Amino acid sequence: MECASTRIVDLVPLKDLPQLQHLGCFDTRVDDLAPLERILTLRILAFSNTKVADLTPLSRLKRLEQIGCSDTKVSDLTPIAGLTALQILHCSGLKIETPPPPEFWMKDTLQNLRFHRTRIPGLPPEVLSSSPIDNCLQSLRAHLADLGDAPVEMSDAKLMILGNGRVGKTQLVRRLRGEGFEENADSTHGILVADLAVPGRPAGDPARFHVWDFGGQDIYHGTHALFLRSRAVFVICWTPAMEDSDTHEHDGLRFRNFPLAYWLDHVRQFAGDDAPVLVVQTQCDAIEDERDLPDPAREALKGFSGFKRVLHTSARDGHGFAALKEDLNRAYTSFNPPLIGPGRAAVKTQLEAWRAEDVARPTKERKHQTLSYATYLRLCDKTGDISDPAMLLRFLHNAGTVFHGDGILHDKIILDQQWALEAIYAVFHRGLCYRALKNAGGRFTRPDLGVYLWDKDYEPEEQRVFLSMMESCGICFAHRNAHASDPDMIDYIAPELLPTERPGHVTRLWDTEDDRDRRADFACDVLPETLIRGIIAEIGQQAGVDGDYWATGLSVFEDGSGAEILIEQQRPDPDSWSGNIVLRARPRQPTSAARPKLLDHMTGIVKRQAARFGVSLTVKGNDALPRAGGVREEEQTEERALSFSQAKPADPEYFVSYAWADDKTPEGRKREADVDRLCADYGRRGIHIVRDKDDLGFGDSISKFMRRIGAGDRVFVFLSYRYLKSSNCMFELFEIWRTAQQEEDAFLDRVRVFTIGDVDIWSPMGRLRHAAHWKDEFERFKMHVKEHGADLLSPKDHAAWRRMREFAHSTGEILTIIADRVHPRTFEEFLEWGFDDPPNEAR
């Protein structure tokens with residue numbers, strides 16, 4: 001039975017349904033489960049986002065297999081400890097005061113636990129769910145197995161320093177660490193990581209903070225949630241000058257400021273209302289500089305229920321730091337230190353010692369910036385008390401001790417995160433290569449960043465680690481892979497650097513209303529730019545070149561549903577930090593309607609990214625209604641795989657690819673006549689062959705048309721010497737190869753090649769010369785870029801330069817495949833060969 005998202009208040013009418021097996025009453029005003037206590041047949045119960053506080057009525061329901069009670073008032077889990085059939089338990093967003101006994105977590109029947117942003121006494125938050133869909137059962141069991149008879153207190157916590165740029169965050173950290181005031185210090189770009197003994201503790205006390213000083217620019221706001229999933233004290237720095245100004249300038253560049261109330265709301269959503277918060281007015285060099293909190297900030301601070309203080313400091317003369325240190329000590333003691341196993345503590349201590357040793361060495365001499373997985377396993381074996389090294393690594397990642405995510409060069413663990421983050425965020429430093437990458441439309445490859453920024457300090461392998469870390473964090477995504485076996489040919493997009501305007505064809509598509517549109521609007525009181533960037537990165541990773549992307553949204557076509565999709569950030573008030581994420585889905589065919597499940601799947605992506613960045617969403621006018629199931633829709637374990645492509649017409653598309661701007665030579669005129677004849681011959685058979693000079697209208701995108709050719713069902717290629725020297729022609733050939741997923745049979749099935757003149761593709765030397773031509777072109781271009789700067793290049797010129805490298809890399813392979821096939825000797829044979837096995841029959 002489903003009564004979710006209704007106005008139902010109580011469950012009394014259900015007490016007379018003794019055979020009820022499934023009940024979904026989430027998102028209602030229900031507050032009492034007592035009417036269910038005699039329905040012994042109940043197997044699935046979902047009551048998330050209700051006012052339920054007591055699970056006692058469930059203690060007799062021995063057939064219960066699934067319980068969803070996220071975002072409720074439940075604080076005691078002992079009533080369900082005896083449920084022997086329980087398989088799935090979702091308890092995210094709870095403050096548990098009384099957990100079940102340890103043996104409950106080890107029950108054989110239990111299969112799935114979701115405890116995201118849930119606090120359980122004695123359990124480190126690092127072993128619980130790191131996202132709303134993360135099953136933490138294996139992690140929790142490994143933690144309990146490692147505890148042993150002599151568990152160790154976790155004596156460290158995070159100290160997160162937040163606030164706008166230029167408010168003095170780094171100076172505050174320097175003063176806390178006993179370092180001098182630095183006059184005219186540069187603004188922090190990225191994240192600075194340091195250790196700090198908790199002030200006020202006796203000598204030898206192990207209590208310490210890991211300090212994370214975040215840059216104030218908005219690209220860093222979302223990283224608060226990405227790197228830290230453990231206990232943290234939050235220090236929010238502010239100044240009246242920044243509060244009264246929407247922007248600030250530094251090094252001739254302009255940055256946006258965020259009001260103090262924004263930072264408080266951001267922390268509350270990210271860390272919860274019981275997080276310890278210290279609001280510090282900095283730069284109070286004189287008594288008259290001190291100000292009361294602005295009214296919106298004062299109201300926002302009232303929303304915190306834990307330890308909170310308001311302070312005034314001067315890093316220049318030390319004013320207010322005695323009180324700050326005392327309050328940092330008190331904030332630290334507000335935590336109940338969790339316990340971990342002695343083996344885990346030994347591994348964690350050794351990793352931290354290696355990192356500390358490295359800090360004292362010159363950068364080039366450091367030994368432990370990264371760690372191989374094999375070295376890590378040897379360290380675990382040495383302690384002898386680690387039941388599951390993979391789960392311990394997950395714990396260490398969530399604790400911020402190391403960074404290890406899927407795709408980090410398979411076995412690389414980043415130990416020196418400061419080293420990696422400095423390199424990564426240098427990419428977004430406005431004074432370095434930021435302008436060049438903005439001009440490139442946010443697109444780049446690993447060698448591009450090497451030329452612009454990294455080559456002088458980092459080896460290629462290190463650069464690949466940085467890129468993998470950026471991908472794991474959603475800072476960039478792989479837009480297209482020019483060659484599957486070479487990671488340096490991957491073309492990335494950083495959403496932060498995308499153009500601000502929608503592409504024209506996207507505006508034409510979506511600025512018209514359609515009765516078949518389905519829509520969901522997600523309102524956010526605090527809407528950081530990182531949310532839409534995370535959404536773009538997740539979908540872009542799947543859609544690649546088949547999507548359209550801009551700084552505040554994306555538009556894609558989804559194959560399985562046959563629907564166009566738009567996801568876009570909207571701010572009705574540009575000066576506000578609130579706004580909406582708008583999701584629209586529209587069937588491409590006029591006679592069809594968008595499948596309901598599609599919007600639900602896309603809604604799941606939006607909500608998943610919101611949870612990842614600590615953003616609270618309110619759904620307004622949502623067409624994506626809840627579906628039947630044991631848990632809330634956004635918590636479903638499995639989602640249908642989405643498949644994206646460029647929208648194609650129902651009938652097969654035929655294209656011709658040739659060097660057509662050559663009517664001054666006999667060969668060029670002959671080639672044009674042959675193409676005319678090909679098109680006419682197929683026209684008589686009722687088949688239209690698309691050619692750019694006839695079908696490309698004024699103002700249409702040439703590059704998009706060339707990608708459309710690459711996705712064609714049948715492409716006739718007139719291969720000439722001029723063709724192999726034309727960037728546009730080679731782009732078309734390369735797109736055919738890429739969309740065939742670089743598989744020989746798929747490529748040859750779609751392409752029909754007719755060689756013209758004395759073009760040599762038949763010998764290894766001939767193919768080498770064609771590949772070498774593009775290598776020489778790339779290197780010549782690269783030399784000028786280094787001399788004059790990449791910021792002079794337009795986005796299209798950046799793309800053309802990157803393609804030269806791709807052509808050099810793949811031309812030999814493509815031409816070898818073409819040359820290996822028997823080709824028609826006459827044009828008449830070519831015409832017949834092209835019509836053999838037409839694509840519409842293959843379909």
# chains A, B, ... in the order shown; residues from 1 in each chain; ligands from 1
>>> residues_around(residues="stretch 762-775 of chain A", least_positions_apart="4", cutoff="8 Å", atoms="only C-alpha atoms", output="CSV table (one decimal) with all heavy atoms, in the first residue's frame")
chain,number,residue,atom,x,y,z
A,724,LEU,N,43.7,14.5,-46.5
A,724,LEU,CA,44.5,14.2,-45.4
A,724,LEU,C,45.3,15.3,-44.8
A,724,LEU,O,45.9,15.2,-43.8
A,724,LEU,CB,45.5,13.0,-45.8
A,724,LEU,CG,44.8,11.7,-46.1
A,724,LEU,CD1,45.8,10.7,-46.7
A,724,LEU,CD2,44.2,11.1,-44.8
A,725,LYS,N,45.2,16.5,-45.5
A,725,LYS,CA,45.9,17.7,-45.0
A,725,LYS,C,44.9,18.7,-44.5
A,725,LYS,O,45.2,19.8,-44.0
A,725,LYS,CB,46.7,18.4,-46.2
A,725,LYS,CG,47.9,17.5,-46.7
A,725,LYS,CD,48.9,17.3,-45.6
A,725,LYS,CE,50.1,16.5,-46.1
A,725,LYS,NZ,49.8,15.1,-46.3
A,779,GLU,N,53.4,20.4,-33.2
A,779,GLU,CA,54.6,20.9,-32.5
A,779,GLU,C,54.8,22.4,-32.9
A,779,GLU,O,55.3,23.2,-32.0
A,779,GLU,CB,55.8,20.1,-32.8
A,779,GLU,CG,55.7,18.7,-32.2
A,779,GLU,CD,55.7,18.7,-30.7
A,779,GLU,OE1,56.2,19.7,-30.1
A,779,GLU,OE2,55.2,17.7,-30.1
A,804,MET,N,45.0,18.4,-33.7
A,804,MET,CA,46.2,18.0,-34.4
A,804,MET,C,46.9,16.9,-33.7
A,804,MET,O,47.5,16.0,-34.4
A,804,MET,CB,47.1,19.3,-34.5
A,804,MET,CG,46.6,20.4,-35.4
A,804,MET,SD,47.7,21.8,-35.3
A,804,MET,CE,46.7,23.1,-36.1
A,805,ARG,N,47.0,16.9,-32.4
A,805,ARG,CA,47.6,15.9,-31.7
A,805,ARG,C,46.9,14.6,-31.8
A,805,ARG,O,47.5,13.5,-32.0
A,805,ARG,CB,47.7,16.2,-30.2
A,805,ARG,CG,48.4,15.2,-29.3
A,805,ARG,CD,48.7,15.6,-27.9
A,805,ARG,NE,47.5,16.2,-27.3
A,805,ARG,CZ,47.5,17.4,-26.6
A,805,ARG,NH1,48.6,18.1,-26.5
A,805,ARG,NH2,46.4,17.9,-26.1
A,807,PHE,N,45.0,13.7,-34.4
A,807,PHE,CA,45.3,13.2,-35.8
A,807,PHE,C,46.6,12.5,-35.9
A,807,PHE,O,46.7,11.4,-36.5
A,807,PHE,CB,45.2,14.3,-36.8
A,807,PHE,CG,43.9,15.1,-36.9
A,807,PHE,CD1,43.9,16.4,-37.4
A,807,PHE,CD2,42.7,14.5,-36.4
A,807,PHE,CE1,42.7,17.1,-37.4
A,807,PHE,CE2,41.5,15.2,-36.4
A,807,PHE,CZ,41.5,16.5,-36.9
A,808,ALA,N,47.7,13.1,-35.3
A,808,ALA,CA,49.0,12.5,-35.3
A,808,ALA,C,49.0,11.1,-34.6
A,808,ALA,O,49.6,10.2,-35.1
A,808,ALA,CB,50.0,13.4,-34.6
A,809,HIS,N,48.2,11.0,-33.6
A,809,HIS,CA,48.2,9.8,-32.8
A,809,HIS,C,47.4,8.7,-33.5
A,809,HIS,O,47.8,7.5,-33.3
A,809,HIS,CB,47.5,10.1,-31.4
A,809,HIS,CG,47.9,9.1,-30.4
A,809,HIS,ND1,47.3,7.8,-30.3
A,809,HIS,CD2,48.8,9.2,-29.4
A,809,HIS,CE1,47.8,7.2,-29.3
A,809,HIS,NE2,48.7,8.0,-28.7
A,810,SER,N,46.4,9.0,-34.2
A,810,SER,CA,45.5,7.9,-34.8
A,810,SER,C,45.5,7.8,-36.3
A,810,SER,O,44.9,6.8,-36.8
A,810,SER,CB,44.0,8.2,-34.3
A,810,SER,OG,43.9,8.2,-32.9
A,811,THR,N,46.0,8.7,-37.0
A,811,THR,CA,46.0,8.6,-38.5
A,811,THR,C,46.6,7.3,-39.0
A,811,THR,O,46.0,6.7,-39.9
A,811,THR,CB,46.7,9.8,-39.1
A,811,THR,OG1,46.0,11.0,-38.8
A,811,THR,CG2,46.8,9.7,-40.6
A,812,GLY,N,47.7,6.9,-38.5
A,812,GLY,CA,48.3,5.7,-39.0
A,812,GLY,C,47.5,4.5,-38.8
A,812,GLY,O,47.3,3.6,-39.7
A,815,LEU,N,44.3,4.7,-41.2
A,815,LEU,CA,44.7,4.4,-42.6
A,815,LEU,C,45.1,3.0,-42.8
A,815,LEU,O,44.8,2.4,-43.9
A,815,LEU,CB,45.8,5.4,-43.1
A,815,LEU,CG,45.4,6.9,-43.1
A,815,LEU,CD1,46.6,7.7,-43.6
A,815,LEU,CD2,44.2,7.1,-44.0
A,816,THR,N,45.7,2.4,-41.8
A,816,THR,CA,46.1,0.9,-42.0
A,816,THR,C,44.8,0.1,-42.1
A,816,THR,O,44.8,-0.9,-42.9
A,816,THR,CB,46.9,0.5,-40.7
A,816,THR,OG1,48.1,1.3,-40.7
A,816,THR,CG2,47.2,-1.0,-40.8
A,819,ALA,N,43.4,0.6,-45.6
A,819,ALA,CA,44.2,0.0,-46.6
A,819,ALA,C,44.1,-1.5,-46.6
A,819,ALA,O,44.4,-2.2,-47.6
A,819,ALA,CB,45.7,0.4,-46.4
>>> residues_around(residues="A:His116", least_positions_apart="6", cutoff="8 Å", atoms="only C-alpha atoms", output="PyMOL selection string")
chain A and resi 91-93+128-132+134
>>> residues_around(residues="A:Glu513", least_positions_apart="4", cutoff="10 Å", atoms="only C-alpha atoms", output="list in words")
Leu509, Asp517 and Arg586 of chain A
>>> atom_distance(atom1="atom CA of A:Ala53", atom2="atom CA of A:Pro79")
11.7 Å
>>> residues_around(residues="A:Ile736", least_positions_apart="2", cutoff="9 Å", atoms="only C-alpha atoms", output="PyMOL selection string")
chain A and resi 707+709-712+715+731-734+738-742+747+750-751
>>> closest_residue(among="A:Thr41, A:Thr618, A:Ser561, A:Ser48", to="A:Thr28", atoms="only C-alpha atoms")
A:Ser48
>>> closest_residue(among="A:Tyr262, A:Ala85, A:Trp212, A:Gln283", to="A:Arg166", atoms="only C-alpha atoms")
A:Gln283
>>> closest_residue(among="A:Thr72, A:Thr383, A:Gly534, A:Phe522", to="A:Leu583", atoms="only C-alpha atoms")
A:Phe522
>>> closest_residue(among="A:Gly272, A:Thr313, A:Gly562, A:Met783", to="A:Asp285", atoms="only C-alpha atoms")
A:Thr313
>>> residues_around(residues="A:His319", least_positions_apart="3", cutoff="10 Å", atoms="only C-alpha atoms", output="CSV table (one decimal) with N, CA, C and O atoms, in the first residue's frame")
chain,number,residue,atom,x,y,z
A,282,THR,N,37.6,39.1,11.9
A,282,THR,CA,39.1,39.2,11.8
A,282,THR,C,39.4,40.7,11.5
A,282,THR,O,38.5,41.6,11.3
A,283,GLN,N,40.7,41.0,11.6
A,283,GLN,CA,41.2,42.3,11.2
A,283,GLN,C,40.7,43.4,12.2
A,283,GLN,O,40.5,44.6,11.8
A,284,CYS,N,40.4,43.0,13.4
A,284,CYS,CA,40.0,44.0,14.5
A,284,CYS,C,41.3,44.6,15.1
A,284,CYS,O,41.6,44.3,16.3
A,285,ASP,N,42.0,45.4,14.4
A,285,ASP,CA,43.2,45.9,14.9
A,285,ASP,C,43.0,47.0,15.9
A,285,ASP,O,43.9,47.4,16.6
A,286,ALA,N,41.8,47.6,16.0
A,286,ALA,CA,41.4,48.6,17.0
A,286,ALA,C,40.1,48.2,17.6
A,286,ALA,O,39.2,47.6,16.9
A,287,ILE,N,39.8,48.7,18.8
A,287,ILE,CA,38.5,48.3,19.5
A,287,ILE,C,37.3,48.8,18.6
A,287,ILE,O,36.3,48.1,18.5
A,312,HIS,N,36.2,38.3,18.2
A,312,HIS,CA,36.8,39.4,17.5
A,312,HIS,C,38.3,39.2,17.6
A,312,HIS,O,38.8,39.1,18.8
A,313,THR,N,39.1,39.2,16.5
A,313,THR,CA,40.5,39.0,16.6
A,313,THR,C,41.3,39.9,15.7
A,313,THR,O,40.8,40.5,14.8
A,314,SER,N,42.6,40.0,16.0
A,314,SER,CA,43.5,40.7,15.2
A,314,SER,C,44.8,39.8,15.0
A,314,SER,O,45.5,39.6,16.0
A,315,ALA,N,45.0,39.3,13.8
A,315,ALA,CA,46.2,38.5,13.6
A,315,ALA,C,47.4,39.3,13.7
A,315,ALA,O,48.5,38.8,14.0
A,316,ARG,N,47.3,40.6,13.5
A,316,ARG,CA,48.5,41.5,13.5
A,316,ARG,C,49.0,41.6,14.9
A,316,ARG,O,50.3,41.5,15.1
A,322,ALA,N,43.6,34.7,22.7
A,322,ALA,CA,43.5,33.9,23.9
A,322,ALA,C,42.1,33.3,24.0
A,322,ALA,O,41.9,32.1,24.4
A,323,ALA,N,41.1,34.1,23.8
A,323,ALA,CA,39.7,33.6,23.8
A,323,ALA,C,39.5,32.6,22.7
A,323,ALA,O,38.8,31.6,23.0
A,324,LEU,N,40.0,32.9,21.5
A,324,LEU,CA,39.8,31.9,20.4
A,324,LEU,C,40.4,30.6,20.8
A,324,LEU,O,39.8,29.5,20.5
>>> select_by_dssp(residues="stretch 508-621 of chain A", states="strand (DSSP E)", output="number ranges by chain")
A: 518-524, 548-550, 553-558, 563-570, 579-587, 618-620
>>> residues_around(residues="stretch 4-20 of chain A", least_positions_apart="2", cutoff="10 Å", atoms="only C-alpha atoms", output="NGL selection string")
:A and (1-2 or 22-44 or 46-51 or 625-628 or 632)
>>> write_last_selection(atoms="C-alpha atoms", output="mmCIF file, in the first residue's frame")
data_model
loop_
_atom_site.group_PDB
_atom_site.id
_atom_site.type_symbol
_atom_site.label_atom_id
_atom_site.label_comp_id
_atom_site.auth_asym_id
_atom_site.auth_seq_id
_atom_site.Cartn_x
_atom_site.Cartn_y
_atom_site.Cartn_z
ATOM 1 C CA MET A 1 0.000 0.000 0.000
ATOM 2 C CA GLU A 2 1.238 3.457 -0.934
ATOM 3 C CA HIS A 22 4.034 -3.443 2.199
ATOM 4 C CA LEU A 23 3.454 0.100 3.421
ATOM 5 C CA GLY A 24 5.006 3.300 2.123
ATOM 6 C CA CYS A 25 3.988 6.339 4.176
ATOM 7 C CA PHE A 26 7.084 8.499 3.820
ATOM 8 C CA ASP A 27 6.802 12.265 3.337
ATOM 9 C CA THR A 28 3.633 12.444 5.450
ATOM 10 C CA ARG A 29 2.618 13.819 8.858
ATOM 11 C CA VAL A 30 2.434 10.388 10.482
ATOM 12 C CA ASP A 31 3.940 10.356 13.997
ATOM 13 C CA ASP A 32 2.858 7.034 15.523
ATOM 14 C CA LEU A 33 3.436 3.450 14.330
ATOM 15 C CA ALA A 34 1.284 1.874 17.071
ATOM 16 C CA PRO A 35 -1.556 0.926 14.657
ATOM 17 C CA LEU A 36 0.875 -1.425 12.885
ATOM 18 C CA GLU A 37 1.974 -3.459 15.912
ATOM 19 C CA ARG A 38 -0.438 -6.357 15.227
ATOM 20 C CA ILE A 39 0.067 -6.568 11.448
ATOM 21 C CA LEU A 40 2.441 -9.519 11.693
ATOM 22 C CA THR A 41 2.566 -10.040 7.909
ATOM 23 C CA LEU A 42 4.289 -6.695 7.246
ATOM 24 C CA ARG A 43 7.554 -7.173 5.331
ATOM 25 C CA ILE A 44 8.375 -3.695 3.934
ATOM 26 C CA ALA A 46 9.054 3.001 4.617
ATOM 27 C CA PHE A 47 8.246 6.025 6.798
ATOM 28 C CA SER A 48 11.176 8.369 6.116
ATOM 29 C CA ASN A 49 10.645 12.115 6.529
ATOM 30 C CA THR A 50 7.847 11.759 9.079
ATOM 31 C CA LYS A 51 7.538 12.722 12.756
ATOM 32 C CA LEU A 625 6.256 11.462 -8.038
ATOM 33 C CA PRO A 626 7.330 8.796 -5.531
ATOM 34 C CA ARG A 627 7.129 5.214 -6.736
ATOM 35 C CA ALA A 628 6.274 2.092 -4.828
ATOM 36 C CA ARG A 632 12.359 6.504 -0.770
#
